[in-house]
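One file, structure_25.pdb, carrying PDB, C-alpha atoms and all ligand atoms:
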ATOM      1  CA  MET A   1     -60.954  42.502 125.979  1.00  0.00           C
ATOM      2  CA  SER A   2     -57.908  40.396 125.478  1.00  0.00           C
ATOM      3  CA  GLU A   3     -57.447  39.143 122.031  1.00  0.00           C
ATOM      4  CA  ALA A   4     -54.744  36.685 121.270  1.00  0.00           C
ATOM      5  CA  PRO A   5     -52.582  37.946 118.501  1.00  0.00           C
ATOM      6  CA  ARG A   6     -53.309  35.603 115.695  1.00  0.00           C
ATOM      7  CA  SER A   7     -52.284  36.198 112.191  1.00  0.00           C
ATOM      8  CA  HIS A   8     -55.002  34.909 110.018  1.00  0.00           C
ATOM      9  CA  GLY A   9     -54.215  33.669 106.612  1.00  0.00           C
ATOM     10  CA  GLN A  10     -50.563  33.356 107.363  1.00  0.00           C
ATOM     11  CA  ARG A  11     -49.593  29.807 107.713  1.00  0.00           C
ATOM     12  CA  PRO A  12     -46.077  28.715 108.455  1.00  0.00           C
ATOM     13  CA  PRO A  13     -44.262  27.469 105.396  1.00  0.00           C
ATOM     14  CA  ARG A  14     -44.277  23.781 104.831  1.00  0.00           C
ATOM     15  CA  PRO A  15     -41.191  21.933 105.934  1.00  0.00           C
ATOM     16  CA  GLN A  16     -38.855  21.115 103.127  1.00  0.00           C
ATOM     17  CA  LYS A  17     -38.854  17.603 101.928  1.00  0.00           C
ATOM     18  CA  LYS A  18     -35.748  15.685 102.616  1.00  0.00           C
ATOM     19  CA  PHE A  19     -35.863  13.964  99.299  1.00  0.00           C
ATOM     20  CA  PHE A  20     -35.260  16.246  96.437  1.00  0.00           C
ATOM     21  CA  HIS A  21     -38.057  16.064  94.007  1.00  0.00           C
ATOM     22  CA  ARG A  22     -37.231  14.089  90.991  1.00  0.00           C
ATOM     23  CA  ARG A  23     -39.660  13.436  88.266  1.00  0.00           C
ATOM     24  CA  LYS A  24     -40.199   9.829  87.727  1.00  0.00           C
ATOM     25  CA  PHE A  25     -40.816   8.472  84.332  1.00  0.00           C
ATOM     26  CA  CYS A  26     -41.670   5.057  83.259  1.00  0.00           C
ATOM     27  CA  ARG A  27     -38.407   3.820  81.872  1.00  0.00           C
ATOM     28  CA  PHE A  28     -40.083   1.624  79.342  1.00  0.00           C
ATOM     29  CA  CYS A  29     -42.316   4.385  78.057  1.00  0.00           C
ATOM     30  CA  THR A  30     -39.484   6.868  77.658  1.00  0.00           C
ATOM     31  CA  ASP A  31     -37.065   4.415  76.119  1.00  0.00           C
ATOM     32  CA  SER A  32     -38.711   2.091  73.700  1.00  0.00           C
ATOM     33  CA  ALA A  33     -35.394   0.360  73.166  1.00  0.00           C
ATOM     34  CA  ILE A  34     -35.724  -1.368  76.507  1.00  0.00           C
ATOM     35  CA  LYS A  35     -37.913  -4.370  76.360  1.00  0.00           C
ATOM     36  CA  ILE A  36     -39.424  -6.206  79.238  1.00  0.00           C
ATOM     37  CA  ASP A  37     -38.180  -9.680  78.702  1.00  0.00           C
ATOM     38  CA  TYR A  38     -38.094 -12.437  81.241  1.00  0.00           C
ATOM     39  CA  LYS A  39     -35.118 -13.855  79.406  1.00  0.00           C
ATOM     40  CA  ASN A  40     -33.177 -10.720  80.178  1.00  0.00           C
ATOM     41  CA  PRO A  41     -32.592 -10.711  83.933  1.00  0.00           C
ATOM     42  CA  GLN A  42     -30.188  -7.781  83.740  1.00  0.00           C
ATOM     43  CA  THR A  43     -33.005  -5.412  82.961  1.00  0.00           C
ATOM     44  CA  LEU A  44     -35.305  -7.011  85.484  1.00  0.00           C
ATOM     45  CA  ARG A  45     -32.668  -6.823  88.175  1.00  0.00           C
ATOM     46  CA  ASP A  46     -32.947  -3.042  88.201  1.00  0.00           C
ATOM     47  CA  PHE A  47     -36.498  -3.405  89.405  1.00  0.00           C
ATOM     48  CA  VAL A  48     -35.819  -5.940  92.083  1.00  0.00           C
ATOM     49  CA  THR A  49     -34.453  -5.144  95.505  1.00  0.00           C
ATOM     50  CA  GLU A  50     -31.255  -6.727  96.649  1.00  0.00           C
ATOM     51  CA  ARG A  51     -33.377  -9.100  98.620  1.00  0.00           C
ATOM     52  CA  GLY A  52     -35.078 -10.245  95.475  1.00  0.00           C
ATOM     53  CA  LYS A  53     -38.372  -8.436  95.873  1.00  0.00           C
ATOM     54  CA  ILE A  54     -40.099  -6.560  93.125  1.00  0.00           C
ATOM     55  CA  MET A  55     -39.842  -2.842  93.665  1.00  0.00           C
ATOM     56  CA  PRO A  56     -43.104  -0.979  94.049  1.00  0.00           C
ATOM     57  CA  ARG A  57     -44.269   1.348  91.347  1.00  0.00           C
ATOM     58  CA  ARG A  58     -43.892   4.420  93.496  1.00  0.00           C
ATOM     59  CA  ILE A  59     -40.185   3.790  93.635  1.00  0.00           C
ATOM     60  CA  THR A  60     -39.527   2.690  90.106  1.00  0.00           C
ATOM     61  CA  GLY A  61     -41.868   5.251  88.582  1.00  0.00           C
ATOM     62  CA  ASN A  62     -43.179   2.772  86.093  1.00  0.00           C
ATOM     63  CA  CYS A  63     -46.578   3.150  84.610  1.00  0.00           C
ATOM     64  CA  ALA A  64     -49.235   0.625  85.474  1.00  0.00           C
ATOM     65  CA  ILE A  65     -48.997  -1.203  82.180  1.00  0.00           C
ATOM     66  CA  HIS A  66     -45.284  -1.680  82.307  1.00  0.00           C
ATOM     67  CA  GLN A  67     -45.159  -2.405  85.997  1.00  0.00           C
ATOM     68  CA  ARG A  68     -47.614  -5.188  85.394  1.00  0.00           C
ATOM     69  CA  GLU A  69     -45.610  -6.511  82.505  1.00  0.00           C
ATOM     70  CA  LEU A  70     -42.477  -6.228  84.535  1.00  0.00           C
ATOM     71  CA  SER A  71     -43.800  -8.115  87.521  1.00  0.00           C
ATOM     72  CA  LEU A  72     -44.966 -10.831  85.212  1.00  0.00           C
ATOM     73  CA  ALA A  73     -41.552 -11.019  83.605  1.00  0.00           C
ATOM     74  CA  ILE A  74     -39.854 -11.131  86.990  1.00  0.00           C
ATOM     75  CA  LYS A  75     -42.119 -13.927  88.122  1.00  0.00           C
ATOM     76  CA  ARG A  76     -41.386 -15.819  84.946  1.00  0.00           C
ATOM     77  CA  ALA A  77     -37.677 -15.234  85.330  1.00  0.00           C
ATOM     78  CA  ARG A  78     -37.907 -16.577  88.846  1.00  0.00           C
ATOM     79  CA  THR A  79     -39.530 -19.787  87.819  1.00  0.00           C
ATOM     80  CA  ILE A  80     -36.784 -20.507  85.355  1.00  0.00           C
ATOM     81  CA  ALA A  81     -34.211 -19.528  87.952  1.00  0.00           C
ATOM     82  CA  LEU A  82     -32.941 -16.393  86.256  1.00  0.00           C
ATOM     83  CA  LEU A  83     -33.875 -14.352  89.298  1.00  0.00           C
ATOM     84  CA  PRO A  84     -33.931 -15.416  92.898  1.00  0.00           C
ATOM     85  CA  PHE A  85     -37.156 -15.699  94.838  1.00  0.00           C
ATOM     86  CA  VAL A  86     -35.510 -14.679  98.044  1.00  0.00           C
ATOM     87  CA  VAL A  87     -31.998 -13.571  98.721  1.00  0.00           C
ATOM     88  CA  SER A  88     -30.878 -14.755 102.088  1.00  0.00           C
ATOM     89  CA  ASP A  89     -28.850 -12.565 104.402  1.00  0.00           C
ATOM     90  CA  ASN A  90     -25.796 -14.753 104.372  1.00  0.00           C
TER      91      ASN A  90
HETATM   92 ZN    ZN B 101     -44.725   2.606  80.753  1.00  0.00          ZN
END
As structure tokens, please, write out the structure in this file.
Ligand SMILES: [Zn+2]
Amino acid sequence: MSEAPRSHGQRPPRPQKKFFHRRKFCRFCTDSAIKIDYKNPQTLRDFVTERGKIMPRRITGNCAIHQRELSLAIKRARTIALLPFVVSDN
């Protein structure tokens, strides 16, 4: 009888995540002073990539309500040329 030495119930520890865990909060929920306003591109710019794309919720940490409001504001800001649609490489 040859039994392979297996340690049951002892799993190897999970590999450490490279990114340190940081709790994400919806910025607009935590700070009611900040308003989502399409006329205020400075605030919106924080939620847009340098290429002009809207950042996904999983990165910004916004809640669904505010992310929706934000994307609407960004789209509005774009149409009145406060934010760029696309930022070209050069
Ligand atoms: Zn929120």
Please find the residues contacting ligand ZN 101 (chain B) at a distance of at most 10 Å between atoms, with all atoms listed in the file counted, and report them as a PDB file with C-alpha atoms, in the coordinates of the input.
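Contents of the output file pocket_33.pdb:
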ATOM      1  CA  PHE A  25     -40.816   8.472  84.332  1.00  0.00           C
ATOM      2  CA  CYS A  26     -41.670   5.057  83.259  1.00  0.00           C
ATOM      3  CA  ARG A  27     -38.407   3.820  81.872  1.00  0.00           C
ATOM      4  CA  PHE A  28     -40.083   1.624  79.342  1.00  0.00           C
ATOM      5  CA  CYS A  29     -42.316   4.385  78.057  1.00  0.00           C
ATOM      6  CA  THR A  30     -39.484   6.868  77.658  1.00  0.00           C
ATOM      7  CA  ASP A  31     -37.065   4.415  76.119  1.00  0.00           C
ATOM      8  CA  SER A  32     -38.711   2.091  73.700  1.00  0.00           C
ATOM      9  CA  GLY A  61     -41.868   5.251  88.582  1.00  0.00           C
ATOM     10  CA  ASN A  62     -43.179   2.772  86.093  1.00  0.00           C
ATOM     11  CA  CYS A  63     -46.578   3.150  84.610  1.00  0.00           C
ATOM     12  CA  ALA A  64     -49.235   0.625  85.474  1.00  0.00           C
ATOM     13  CA  ILE A  65     -48.997  -1.203  82.180  1.00  0.00           C
ATOM     14  CA  HIS A  66     -45.284  -1.680  82.307  1.00  0.00           C
ATOM     15  CA  GLN A  67     -45.159  -2.405  85.997  1.00  0.00           C
ATOM     16  CA  ARG A  68     -47.614  -5.188  85.394  1.00  0.00           C
ATOM     17  CA  GLU A  69     -45.610  -6.511  82.505  1.00  0.00           C
ATOM     18  CA  LEU A  70     -42.477  -6.228  84.535  1.00  0.00           C
TER      19      LEU A  70
END
Draw an axis-aligned box over all listed atoms of range 76-79 of chain A, pad each side with 5 Å, and write its centre and edge lengths in Å, one decimal, as JSON.
{"center_x": -39.5, "center_y": -17.5, "center_z": 86.9, "size_x": 13.7, "size_y": 14.6, "size_z": 13.9}
Next item on the list: Find the distance between CA of Thr79 in chain A and CA of Ile34 in chain A and write it in Å to one decimal.
Entry: 21.9 Å
Checklist line | Pairwise distance for CA of Val86 in chain A and CA of Ala33 in chain A, rounded to one decimal in Å | finding: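 Taking CA of Val86 in chain A and CA of Ala33 in chain A, their separation equals 29.1 Å.
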Next item on the list: Could you jot down the CA of Ser71 in chain A to CA of Ser88 in chain A separation for me, Å, one decimal place?
Entry: 20.6 Å
Item checked: Closest of A:Ile74, A:Ile80, A:Val87, A:Ile36 to Glu50 in chain A - atom-to-atom distances counting all atoms listed in the file -> A:Val87
Next item on the list: May I have the residues within 9 Å of Arg76 in chain A as a list in words, using all atoms listed in the file and disregarding those fewer than 6 positions away in the same chain?
Entry: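 Listing them by chain and then by number gives Tyr38, Lys39, Leu82 and Leu83 of chain A.
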Checklist line | Which of A:Asp89, A:Thr60, A:Arg51, A:Pro41 sits closest to Lys75 in chain A [using all atoms listed in the file] | finding: A:Pro41
